[in-house]
$ cat entry01.tsv   # TSV, C-alpha atoms
chain	number	residue	atom	x	y	z
U	1	SER	CA	44.50	44.56	87.92
U	2	ALA	CA	46.56	47.26	86.29
U	3	VAL	CA	45.98	49.89	83.65
U	4	ILE	CA	48.74	49.85	81.09
U	5	SER	CA	49.36	52.31	78.31
U	6	GLN	CA	51.80	52.14	75.43
U	7	LYS	CA	53.15	54.82	73.14
U	8	PRO	CA	53.08	54.98	70.22
U	9	SER	CA	50.06	52.87	69.39
U	10	ARG	CA	51.34	52.36	65.87
U	11	ASP	CA	54.13	53.60	63.63
U	12	ILE	CA	55.53	53.20	60.16
U	13	CYS	CA	59.32	53.36	60.04
U	14	GLN	CA	62.07	53.16	57.47
U	15	ARG	CA	64.58	50.35	57.56
U	16	GLY	CA	67.78	51.17	59.38
U	17	THR	CA	66.10	53.47	61.87
U	18	SER	CA	65.22	52.82	65.52
U	19	LEU	CA	61.98	53.19	67.44
U	20	THR	CA	61.50	53.45	71.19
U	21	ILE	CA	58.26	52.16	72.65
U	22	GLN	CA	57.08	53.31	76.05
U	23	CYS	CA	55.07	51.34	78.57
U	24	GLN	CA	53.44	53.07	81.56
U	25	VAL	CA	51.59	51.34	84.39
U	26	ASP	CA	49.24	53.02	86.85
U	27	SER	CA	50.75	51.23	89.87
U	28	GLN	CA	54.10	49.90	91.00
U	29	VAL	CA	54.76	46.40	89.71
U	30	THR	CA	57.49	43.91	90.35
U	31	MET	CA	57.91	42.62	86.84
U	32	MET	CA	57.43	44.02	83.40
U	33	PHE	CA	57.76	41.99	80.25
U	34	TRP	CA	58.07	42.71	76.55
U	35	TYR	CA	56.56	40.41	73.93
U	36	ARG	CA	56.61	40.34	70.17
U	37	GLN	CA	53.71	39.14	68.05
U	38	GLN	CA	54.69	38.72	64.44
U	39	PRO	CA	51.92	38.84	61.81
U	40	GLY	CA	49.56	35.93	62.24
U	41	GLN	CA	51.68	34.45	65.00
U	42	SER	CA	51.50	33.95	68.73
U	43	LEU	CA	53.33	35.94	71.37
U	44	THR	CA	57.01	35.43	72.05
U	45	LEU	CA	58.71	36.79	75.13
U	46	ILE	CA	61.57	39.11	74.27
U	47	ALA	CA	62.80	39.95	77.75
U	48	THR	CA	61.98	40.66	81.36
U	49	ALA	CA	62.57	44.30	82.27
U	50	ASN	CA	64.25	44.44	85.66
U	51	GLN	CA	64.11	47.60	87.72
U	52	GLY	CA	67.58	48.87	88.48
U	53	SER	CA	69.44	46.20	86.55
U	54	GLU	CA	69.91	44.90	83.04
U	55	ALA	CA	67.00	43.18	81.35
U	56	THR	CA	66.93	39.39	81.08
U	57	TYR	CA	66.68	38.35	77.44
U	58	GLU	CA	65.19	35.18	76.04
U	59	SER	CA	66.99	32.98	73.59
U	60	GLY	CA	67.17	34.61	70.18
U	61	PHE	CA	66.92	38.18	71.45
U	62	VAL	CA	69.90	40.39	72.23
U	63	ILE	CA	70.41	43.67	73.96
U	64	ASP	CA	72.01	45.37	70.98
U	65	LYS	CA	68.88	44.83	68.92
U	66	PHE	CA	66.29	45.34	71.68
U	67	PRO	CA	67.72	47.58	74.41
U	68	ILE	CA	65.36	47.92	77.36
U	69	SER	CA	65.23	50.42	80.16
U	70	ARG	CA	63.31	50.26	83.42
U	71	PRO	CA	64.11	53.36	85.47
U	72	ASN	CA	61.35	52.79	88.04
U	73	LEU	CA	58.53	50.43	89.03
U	74	THR	CA	55.92	51.97	86.72
U	75	PHE	CA	57.75	52.60	83.45
U	76	SER	CA	59.78	50.78	80.84
U	77	THR	CA	60.96	51.32	77.28
U	78	LEU	CA	61.83	48.92	74.50
U	79	THR	CA	63.89	50.11	71.55
U	80	VAL	CA	63.85	48.25	68.26
U	81	SER	CA	67.20	49.11	66.71
U	82	ASN	CA	68.38	49.17	63.11
U	83	MET	CA	65.00	47.99	61.93
U	84	SER	CA	64.32	45.74	58.98
U	85	PRO	CA	60.96	44.66	57.50
U	86	GLU	CA	61.24	41.46	59.56
U	87	ASP	CA	60.76	43.59	62.68
U	88	SER	CA	57.23	44.44	61.59
U	89	SER	CA	55.19	43.15	64.49
U	90	ILE	CA	53.01	44.07	67.40
U	91	TYR	CA	55.08	44.75	70.50
U	92	LEU	CA	53.27	44.32	73.81
U	93	CYS	CA	54.31	45.03	77.34
U	94	SER	CA	52.81	43.19	80.26
U	95	VAL	CA	53.03	43.36	84.02
U	96	GLY	CA	52.89	40.66	86.64
U	97	GLY	CA	55.22	38.46	88.57
U	98	LEU	CA	55.70	37.59	92.18
U	99	GLY	CA	52.48	38.07	94.09
U	100	TRP	CA	50.56	38.59	90.87
U	101	GLU	CA	49.08	35.38	89.54
U	102	THR	CA	48.13	37.03	86.31
U	103	GLN	CA	49.85	39.07	83.66
U	104	TYR	CA	48.04	42.07	82.29
U	105	PHE	CA	48.84	43.34	78.84
U	106	GLY	CA	49.07	46.74	77.31
U	107	PRO	CA	47.24	47.55	74.07
U	108	GLY	CA	50.33	46.95	71.96
U	109	THR	CA	52.38	48.97	69.49
U	110	ARG	CA	51.85	48.08	65.85
U	111	LEU	CA	55.07	48.57	63.93
U	112	LEU	CA	55.47	48.45	60.18
U	113	VAL	CA	58.96	48.69	58.75
U	114	LEU	CA	59.29	49.59	55.09
I	1	ALA	CA	60.35	22.93	79.81
I	2	GLN	CA	56.79	24.01	79.44
I	3	SER	CA	54.80	24.10	76.24
I	4	VAL	CA	51.26	24.72	75.05
I	5	THR	CA	49.48	23.22	72.07
I	6	GLN	CA	46.24	24.59	70.73
I	7	LEU	CA	44.52	22.15	68.44
I	8	GLY	CA	43.02	23.89	65.45
I	9	SER	CA	44.31	27.23	64.27
I	10	HIS	CA	40.84	28.12	62.97
I	11	VAL	CA	37.47	27.17	64.43
I	12	SER	CA	34.19	28.14	62.82
I	13	VAL	CA	30.83	27.87	64.57
I	14	SER	CA	27.35	29.14	63.94
I	15	GLU	CA	25.85	31.78	66.17
I	16	GLY	CA	24.20	30.04	69.12
I	17	ALA	CA	26.30	26.90	68.80
I	18	LEU	CA	28.73	25.49	71.34
I	19	VAL	CA	32.25	26.88	71.30
I	20	LEU	CA	35.08	24.48	72.12
I	21	LEU	CA	38.69	25.59	71.84
I	22	ARG	CA	41.26	22.99	72.75
I	23	CYS	CA	44.44	23.50	74.75
I	24	ASN	CA	46.93	20.93	75.97
I	25	TYR	CA	49.97	21.76	78.01
I	26	SER	CA	53.20	20.22	79.14
I	27	SER	CA	54.65	21.14	82.50
I	28	SER	CA	56.93	19.49	85.02
I	29	VAL	CA	55.40	21.45	87.88
I	30	PRO	CA	51.79	22.30	88.77
I	31	PRO	CA	50.93	24.90	86.18
I	32	TYR	CA	49.03	28.11	86.18
I	33	LEU	CA	46.84	28.17	83.06
I	34	PHE	CA	45.28	31.09	81.28
I	35	TRP	CA	43.06	31.94	78.35
I	36	TYR	CA	43.43	35.33	76.73
I	37	VAL	CA	41.37	36.86	73.94
I	38	GLN	CA	42.59	39.32	71.35
I	39	TYR	CA	40.04	41.28	69.37
I	40	PRO	CA	41.12	42.80	66.06
I	41	ASN	CA	43.62	45.62	66.50
I	42	GLN	CA	43.56	45.31	70.27
I	43	GLY	CA	45.79	43.94	73.01
I	44	LEU	CA	45.22	40.80	75.06
I	45	GLN	CA	42.41	40.54	77.56
I	46	LEU	CA	42.29	37.89	80.26
I	47	LEU	CA	39.28	35.59	79.88
I	48	LEU	CA	39.95	33.26	82.81
I	49	LYS	CA	42.67	31.53	84.75
I	50	TYR	CA	43.36	28.42	86.78
I	51	THR	CA	45.88	28.52	89.60
I	52	THR	CA	44.70	26.23	92.39
I	53	GLY	CA	41.43	24.95	93.79
I	54	ALA	CA	38.32	24.31	91.74
I	55	THR	CA	39.20	22.81	88.40
I	56	LEU	CA	36.22	24.34	86.58
I	57	VAL	CA	36.80	28.04	86.25
I	58	LYS	CA	34.41	30.62	84.94
I	59	GLY	CA	35.49	33.71	83.13
I	60	ILE	CA	34.09	36.75	81.45
I	61	ASN	CA	31.58	36.77	78.60
I	62	GLY	CA	30.16	33.35	79.52
I	63	PHE	CA	33.35	31.39	78.92
I	64	GLU	CA	34.59	28.62	81.17
I	65	ALA	CA	37.42	26.11	81.16
I	66	GLU	CA	38.18	22.93	83.01
I	67	PHE	CA	41.62	21.91	84.21
I	68	LYS	CA	42.09	18.17	83.69
I	69	LYS	CA	45.41	17.08	85.09
I	70	SER	CA	45.10	13.50	83.85
I	71	GLU	CA	44.61	14.76	80.30
I	72	THR	CA	46.95	17.77	80.64
I	73	SER	CA	44.18	19.83	79.11
I	74	PHE	CA	42.52	23.19	79.69
I	75	HIS	CA	39.84	23.44	77.02
I	76	LEU	CA	37.77	26.60	76.69
I	77	THR	CA	34.02	26.38	76.19
I	78	LYS	CA	30.99	28.59	75.81
I	79	PRO	CA	27.50	27.12	75.49
I	80	SER	CA	26.22	29.58	72.91
I	81	ALA	CA	28.41	31.57	70.54
I	82	HIS	CA	27.73	35.22	69.85
I	83	MET	CA	28.91	37.20	66.87
I	84	SER	CA	30.98	39.36	69.21
I	85	ASP	CA	33.02	36.30	70.24
I	86	ALA	CA	34.86	36.33	66.92
I	87	ALA	CA	38.49	36.90	67.88
I	88	GLU	CA	41.86	35.25	68.41
I	89	TYR	CA	42.16	33.10	71.53
I	90	PHE	CA	45.42	32.22	73.23
I	91	CYS	CA	46.05	29.57	75.84
I	92	ALA	CA	49.08	30.17	78.06
I	93	VAL	CA	50.93	28.40	80.84
I	94	SER	CA	53.08	29.73	83.63
I	95	ASP	CA	55.35	27.70	85.84
I	96	ASN	CA	54.02	29.64	88.88
I	97	SER	CA	57.56	30.55	89.87
I	98	ASN	CA	58.63	34.07	90.56
I	99	THR	CA	59.93	34.42	87.01
I	100	GLY	CA	56.41	35.25	85.90
I	101	LYS	CA	57.04	33.96	82.40
I	102	LEU	CA	54.14	32.95	80.18
I	103	ILE	CA	54.38	30.43	77.38
I	104	PHE	CA	51.70	30.90	74.75
I	105	GLY	CA	50.06	28.53	72.37
I	106	GLN	CA	49.84	29.36	68.69
I	107	GLY	CA	46.37	30.78	68.99
I	108	THR	CA	42.98	29.83	67.60
I	109	THR	CA	40.94	32.12	65.42
I	110	LEU	CA	37.26	31.79	66.21
I	111	GLN	CA	34.85	32.63	63.42
I	112	VAL	CA	31.16	32.96	64.23
I	113	LYS	CA	28.76	32.63	61.33
I	114	PRO	CA	25.30	34.16	61.39

$ encode --input "entry01.tsv" --output "structure tokens"
Amino acid sequence: SAVISQKPSRDICQRGTSLTIQCQVDSQVTMMFWYRQQPGQSLTLIATANQGSEATYESGFVIDKFPISRPNLTFSTLTVSNMSPEDSSIYLCSVGGLGWETQYFGPGTRLLVL
Amino acid sequence: AQSVTQLGSHVSVSEGALVLLRCNYSSSVPPYLFWYVQYPNQGLQLLLKYTTGATLVKGINGFEAEFKKSETSFHLTKPSAHMSDAAEYFCAVSDNSNTGKLIFGQGTTLQVKP
């Protein structure tokens, strides 16, 4: 398994601003993922964070809105840009992929946009 | 394309009663199947998983699930509910490829009454 931490754990932001969420893993992992969980909803995959290359985004998510960095095998960031109240969600990172049958999730970042 | 359907967005049981949370999946390849639990204001925790081998899998906290290929189901059960089991439960499927992607069901909220 892996120990995953996220910063910040929660934040309240004003519309039009941006927030960068950090995800740190205690071991090197092949794949890191970012999910969004809107209030009362299930998890939706935003993108796969690829080390050394651009992230792979799912349908409905674009790089301009959710830029992702992955500078090494233990760290990734997700930025929520030009926020609106509709971006209020829990954002979770997870790790897994090839050789890992299971994905492990971080504790999540609870974002409220006013 | 893969999909997951959880029947019943809310399930209520009495303490000590059987817990049954239903999950059906659609997959064109042999799936990997997972159940995750999310306690209030926390991230996701893996309860159990099926990848290959024995179709009845046991997880943490007394939960188990049975993979039934003929019924495309992976229902979660626990013989006797405890108050601490009250949480949100998510069924998820992976296509066991090296993409590592998880597709989640809509979730089931389990309420345990005293």

$ closest_atom_pairs --input "entry01.tsv" --of "chain U" --to "chain I" --cutoff "7 Å" --atoms "only C-alpha atoms" --output "JSON lines"
{"residue": "U:Gln41", "atom": "CA", "partner": "I:Gln106", "partner_atom": "CA", "distance": 6.6}
{"residue": "U:Ser42", "atom": "CA", "partner": "I:Gln106", "partner_atom": "CA", "distance": 4.9}
{"residue": "U:Leu43", "atom": "CA", "partner": "I:Phe104", "partner_atom": "CA", "distance": 6.3}
{"residue": "U:Gly96", "atom": "CA", "partner": "I:Gly100", "partner_atom": "CA", "distance": 6.5}
{"residue": "U:Gly97", "atom": "CA", "partner": "I:Gly100", "partner_atom": "CA", "distance": 4.3}
{"residue": "U:Leu98", "atom": "CA", "partner": "I:Asn98", "partner_atom": "CA", "distance": 4.9}
{"residue": "U:Phe105", "atom": "CA", "partner": "I:Leu44", "partner_atom": "CA", "distance": 5.8}
{"residue": "U:Gly106", "atom": "CA", "partner": "I:Gly43", "partner_atom": "CA", "distance": 6.1}
{"residue": "U:Pro107", "atom": "CA", "partner": "I:Gly43", "partner_atom": "CA", "distance": 4.0}
{"residue": "U:Gly108", "atom": "CA", "partner": "I:Gly43", "partner_atom": "CA", "distance": 5.5}

$ closest_residue --input "entry01.tsv" --among "I:Pro114, I:Gly62, I:Pro40, I:Gly16" --to "Lys78 in chain I" --atoms "all atoms listed in the file"
I:Gly62

$ residues_around --input "entry01.tsv" --residues "Glu58 in chain U" --least-positions-apart "3" --cutoff "7 Å" --atoms "only C-alpha atoms" --output "PDB file with C-alpha atoms, in the frame of the given file"
ATOM      1  CA  LEU U  45      58.710  36.790  75.130  1.00  0.00           C
ATOM      2  CA  ILE U  46      61.570  39.110  74.270  1.00  0.00           C
ATOM      3  CA  ALA U  47      62.800  39.950  77.750  1.00  0.00           C
ATOM      4  CA  PHE U  61      66.920  38.180  71.450  1.00  0.00           C
TER       5      PHE U  61
END

$ atom_distance --input "entry01.tsv" --atom1 "CA of Thr52 in chain I" --atom2 "CA of Leu7 in chain I"
24.3 Å

$ residues_near_point --input "entry01.tsv" --point "(48.6, 46.2, 74.2)" --cutoff "12 Å" --atoms "all atoms listed in the file" --output "ChimeraX atom specification"
/U:3-10,21-25,33-37,43,90-95,103-110 /I:37-45

$ write_last_selection --input "entry01.tsv" --atoms "C-alpha atoms" --output "CSV table (one decimal), in the coordinates of the input"
chain,number,residue,atom,x,y,z
U,3,VAL,CA,46.0,49.9,83.6
U,4,ILE,CA,48.7,49.8,81.1
U,5,SER,CA,49.4,52.3,78.3
U,6,GLN,CA,51.8,52.1,75.4
U,7,LYS,CA,53.2,54.8,73.1
U,8,PRO,CA,53.1,55.0,70.2
U,9,SER,CA,50.1,52.9,69.4
U,10,ARG,CA,51.3,52.4,65.9
U,21,ILE,CA,58.3,52.2,72.6
U,22,GLN,CA,57.1,53.3,76.0
U,23,CYS,CA,55.1,51.3,78.6
U,24,GLN,CA,53.4,53.1,81.6
U,25,VAL,CA,51.6,51.3,84.4
U,33,PHE,CA,57.8,42.0,80.2
U,34,TRP,CA,58.1,42.7,76.6
U,35,TYR,CA,56.6,40.4,73.9
U,36,ARG,CA,56.6,40.3,70.2
U,37,GLN,CA,53.7,39.1,68.0
U,43,LEU,CA,53.3,35.9,71.4
U,90,ILE,CA,53.0,44.1,67.4
U,91,TYR,CA,55.1,44.8,70.5
U,92,LEU,CA,53.3,44.3,73.8
U,93,CYS,CA,54.3,45.0,77.3
U,94,SER,CA,52.8,43.2,80.3
U,95,VAL,CA,53.0,43.4,84.0
U,103,GLN,CA,49.8,39.1,83.7
U,104,TYR,CA,48.0,42.1,82.3
U,105,PHE,CA,48.8,43.3,78.8
U,106,GLY,CA,49.1,46.7,77.3
U,107,PRO,CA,47.2,47.6,74.1
U,108,GLY,CA,50.3,47.0,72.0
U,109,THR,CA,52.4,49.0,69.5
U,110,ARG,CA,51.8,48.1,65.8
I,37,VAL,CA,41.4,36.9,73.9
I,38,GLN,CA,42.6,39.3,71.4
I,39,TYR,CA,40.0,41.3,69.4
I,40,PRO,CA,41.1,42.8,66.1
I,41,ASN,CA,43.6,45.6,66.5
I,42,GLN,CA,43.6,45.3,70.3
I,43,GLY,CA,45.8,43.9,73.0
I,44,LEU,CA,45.2,40.8,75.1
I,45,GLN,CA,42.4,40.5,77.6

$ residues_around --input "entry01.tsv" --residues "Ala81 in chain I" --least-positions-apart "5" --cutoff "8 Å" --atoms "all atoms listed in the file" --output "list in words"
Val13, Ser14, Glu15, Gly16, Ala17, Leu18, Val19 and Val112 of chain I

$ closest_residue --input "entry01.tsv" --among "I:Val93, I:Ala65, I:Ala54, I:Ala86" --to "Arg22 in chain I" --atoms "all atoms listed in the file"
I:Ala65

$ residues_near_point --input "entry01.tsv" --point "(60.5, 53.6, 81.2)" --cutoff "9 Å" --atoms "all atoms listed in the file" --output "list of chain:residue names"
U:Ile21, U:Gln22, U:Cys23, U:Gln24, U:Ile68, U:Ser69, U:Arg70, U:Pro71, U:Asn72, U:Leu73, U:Thr74, U:Phe75, U:Ser76, U:Thr77, U:Leu78

$ atom_distance --input "entry01.tsv" --atom1 "CA of Ser80 in chain I" --atom2 "CA of Ser9 in chain I"
20.2 Å

$ atom_distance --input "entry01.tsv" --atom1 "CA of Gly53 in chain I" --atom2 "CA of Val29 in chain U"
25.6 Å

$ closest_residue --input "entry01.tsv" --among "U:Pro67, U:Val62, U:Ser88, U:Thr102" --to "Ala49 in chain U" --atoms "only C-alpha atoms"
U:Pro67

$ decode --input "entry01.tsv" --residues "range 16-28 of chain I" --atoms "all heavy atoms" --output "PDB file, in the first residue's frame"
ATOM      1  N   GLY I  16     -27.082  -5.125  13.865  1.00  0.00           N
ATOM      2  CA  GLY I  16     -27.150  -6.574  13.996  1.00  0.00           C
ATOM      3  C   GLY I  16     -27.765  -7.273  12.799  1.00  0.00           C
ATOM      4  O   GLY I  16     -27.670  -8.503  12.679  1.00  0.00           O
ATOM      5  N   ALA I  17     -28.383  -6.537  11.918  1.00  0.00           N
ATOM      6  CA  ALA I  17     -29.018  -7.126  10.745  1.00  0.00           C
ATOM      7  C   ALA I  17     -28.020  -7.309   9.610  1.00  0.00           C
ATOM      8  O   ALA I  17     -26.932  -6.723   9.619  1.00  0.00           O
ATOM      9  CB  ALA I  17     -30.178  -6.251  10.267  1.00  0.00           C
ATOM     10  N   LEU I  18     -28.418  -8.106   8.634  1.00  0.00           N
ATOM     11  CA  LEU I  18     -27.593  -8.353   7.454  1.00  0.00           C
ATOM     12  C   LEU I  18     -27.489  -7.079   6.605  1.00  0.00           C
ATOM     13  O   LEU I  18     -28.475  -6.377   6.389  1.00  0.00           O
ATOM     14  CB  LEU I  18     -28.209  -9.462   6.612  1.00  0.00           C
ATOM     15  CG  LEU I  18     -27.599  -9.710   5.239  1.00  0.00           C
ATOM     16  CD1 LEU I  18     -26.223 -10.358   5.374  1.00  0.00           C
ATOM     17  CD2 LEU I  18     -28.523 -10.583   4.394  1.00  0.00           C
ATOM     18  N   VAL I  19     -26.273  -6.837   6.128  1.00  0.00           N
ATOM     19  CA  VAL I  19     -26.053  -5.749   5.186  1.00  0.00           C
ATOM     20  C   VAL I  19     -25.865  -6.337   3.798  1.00  0.00           C
ATOM     21  O   VAL I  19     -25.063  -7.265   3.613  1.00  0.00           O
ATOM     22  CB  VAL I  19     -24.797  -4.925   5.554  1.00  0.00           C
ATOM     23  CG1 VAL I  19     -24.523  -3.868   4.495  1.00  0.00           C
ATOM     24  CG2 VAL I  19     -24.963  -4.285   6.931  1.00  0.00           C
ATOM     25  N   LEU I  20     -26.598  -5.823   2.826  1.00  0.00           N
ATOM     26  CA  LEU I  20     -26.462  -6.243   1.431  1.00  0.00           C
ATOM     27  C   LEU I  20     -26.481  -4.998   0.565  1.00  0.00           C
ATOM     28  O   LEU I  20     -27.493  -4.294   0.487  1.00  0.00           O
ATOM     29  CB  LEU I  20     -27.593  -7.178   1.014  1.00  0.00           C
ATOM     30  CG  LEU I  20     -27.672  -7.521  -0.487  1.00  0.00           C
ATOM     31  CD1 LEU I  20     -26.397  -8.220  -0.958  1.00  0.00           C
ATOM     32  CD2 LEU I  20     -28.899  -8.393  -0.772  1.00  0.00           C
ATOM     33  N   LEU I  21     -25.359  -4.729  -0.072  1.00  0.00           N
ATOM     34  CA  LEU I  21     -25.259  -3.607  -0.996  1.00  0.00           C
ATOM     35  C   LEU I  21     -24.980  -4.184  -2.379  1.00  0.00           C
ATOM     36  O   LEU I  21     -24.027  -4.928  -2.561  1.00  0.00           O
ATOM     37  CB  LEU I  21     -24.136  -2.647  -0.569  1.00  0.00           C
ATOM     38  CG  LEU I  21     -24.208  -2.107   0.854  1.00  0.00           C
ATOM     39  CD1 LEU I  21     -23.063  -1.137   1.104  1.00  0.00           C
ATOM     40  CD2 LEU I  21     -25.540  -1.451   1.134  1.00  0.00           C
ATOM     41  N   ARG I  22     -25.812  -3.766  -3.331  1.00  0.00           N
ATOM     42  CA  ARG I  22     -25.784  -4.398  -4.644  1.00  0.00           C
ATOM     43  C   ARG I  22     -24.941  -3.626  -5.654  1.00  0.00           C
ATOM     44  O   ARG I  22     -24.978  -2.387  -5.693  1.00  0.00           O
ATOM     45  CB  ARG I  22     -27.202  -4.547  -5.184  1.00  0.00           C
ATOM     46  CG  ARG I  22     -28.104  -5.402  -4.311  1.00  0.00           C
ATOM     47  CD  ARG I  22     -29.507  -5.487  -4.859  1.00  0.00           C
ATOM     48  NE  ARG I  22     -30.400  -6.202  -3.956  1.00  0.00           N
ATOM     49  CZ  ARG I  22     -30.537  -7.524  -3.934  1.00  0.00           C
ATOM     50  NH1 ARG I  22     -29.868  -8.266  -4.796  1.00  0.00           N
ATOM     51  NH2 ARG I  22     -31.371  -8.095  -3.084  1.00  0.00           N
ATOM     52  N   CYS I  23     -24.217  -4.379  -6.466  1.00  0.00           N
ATOM     53  CA  CYS I  23     -23.369  -3.781  -7.498  1.00  0.00           C
ATOM     54  C   CYS I  23     -23.408  -4.684  -8.726  1.00  0.00           C
ATOM     55  O   CYS I  23     -23.121  -5.872  -8.625  1.00  0.00           O
ATOM     56  CB  CYS I  23     -21.939  -3.632  -6.998  1.00  0.00           C
ATOM     57  SG  CYS I  23     -20.763  -3.085  -8.267  1.00  0.00           S
ATOM     58  N   ASN I  24     -23.745  -4.102  -9.854  1.00  0.00           N
ATOM     59  CA  ASN I  24     -23.662  -4.799 -11.128  1.00  0.00           C
ATOM     60  C   ASN I  24     -22.738  -4.025 -12.048  1.00  0.00           C
ATOM     61  O   ASN I  24     -22.701  -2.802 -12.021  1.00  0.00           O
ATOM     62  CB  ASN I  24     -25.043  -4.944 -11.766  1.00  0.00           C
ATOM     63  CG  ASN I  24     -25.902  -5.955 -11.046  1.00  0.00           C
ATOM     64  OD1 ASN I  24     -26.602  -5.632 -10.085  1.00  0.00           O
ATOM     65  ND2 ASN I  24     -25.821  -7.194 -11.487  1.00  0.00           N
ATOM     66  N   TYR I  25     -22.016  -4.743 -12.870  1.00  0.00           N
ATOM     67  CA  TYR I  25     -21.036  -4.096 -13.720  1.00  0.00           C
ATOM     68  C   TYR I  25     -21.227  -4.513 -15.164  1.00  0.00           C
ATOM     69  O   TYR I  25     -21.888  -5.512 -15.469  1.00  0.00           O
ATOM     70  CB  TYR I  25     -19.621  -4.461 -13.263  1.00  0.00           C
ATOM     71  CG  TYR I  25     -19.276  -5.898 -13.539  1.00  0.00           C
ATOM     72  CD1 TYR I  25     -18.673  -6.293 -14.725  1.00  0.00           C
ATOM     73  CD2 TYR I  25     -19.595  -6.887 -12.612  1.00  0.00           C
ATOM     74  CE1 TYR I  25     -18.401  -7.618 -14.990  1.00  0.00           C
ATOM     75  CE2 TYR I  25     -19.331  -8.221 -12.866  1.00  0.00           C
ATOM     76  CZ  TYR I  25     -18.733  -8.580 -14.051  1.00  0.00           C
ATOM     77  OH  TYR I  25     -18.487  -9.892 -14.308  1.00  0.00           O
ATOM     78  N   SER I  26     -20.638  -3.747 -16.031  1.00  0.00           N
ATOM     79  CA  SER I  26     -20.587  -4.084 -17.446  1.00  0.00           C
ATOM     80  C   SER I  26     -19.143  -3.945 -17.885  1.00  0.00           C
ATOM     81  O   SER I  26     -18.509  -2.913 -17.642  1.00  0.00           O
ATOM     82  CB  SER I  26     -21.480  -3.141 -18.256  1.00  0.00           C
ATOM     83  OG  SER I  26     -21.296  -3.338 -19.645  1.00  0.00           O
ATOM     84  N   SER I  27     -18.630  -5.016 -18.500  1.00  0.00           N
ATOM     85  CA  SER I  27     -17.242  -4.969 -18.942  1.00  0.00           C
ATOM     86  C   SER I  27     -17.053  -5.943 -20.087  1.00  0.00           C
ATOM     87  O   SER I  27     -17.546  -7.061 -20.036  1.00  0.00           O
ATOM     88  CB  SER I  27     -16.294  -5.311 -17.792  1.00  0.00           C
ATOM     89  OG  SER I  27     -14.949  -5.312 -18.228  1.00  0.00           O
ATOM     90  N   SER I  28     -16.276  -5.534 -21.068  1.00  0.00           N
ATOM     91  CA  SER I  28     -16.020  -6.392 -22.218  1.00  0.00           C
ATOM     92  C   SER I  28     -14.809  -7.289 -21.998  1.00  0.00           C
ATOM     93  O   SER I  28     -14.537  -8.172 -22.797  1.00  0.00           O
ATOM     94  CB  SER I  28     -15.808  -5.538 -23.477  1.00  0.00           C
ATOM     95  OG  SER I  28     -14.724  -4.648 -23.271  1.00  0.00           O
TER      96      SER I  28
END
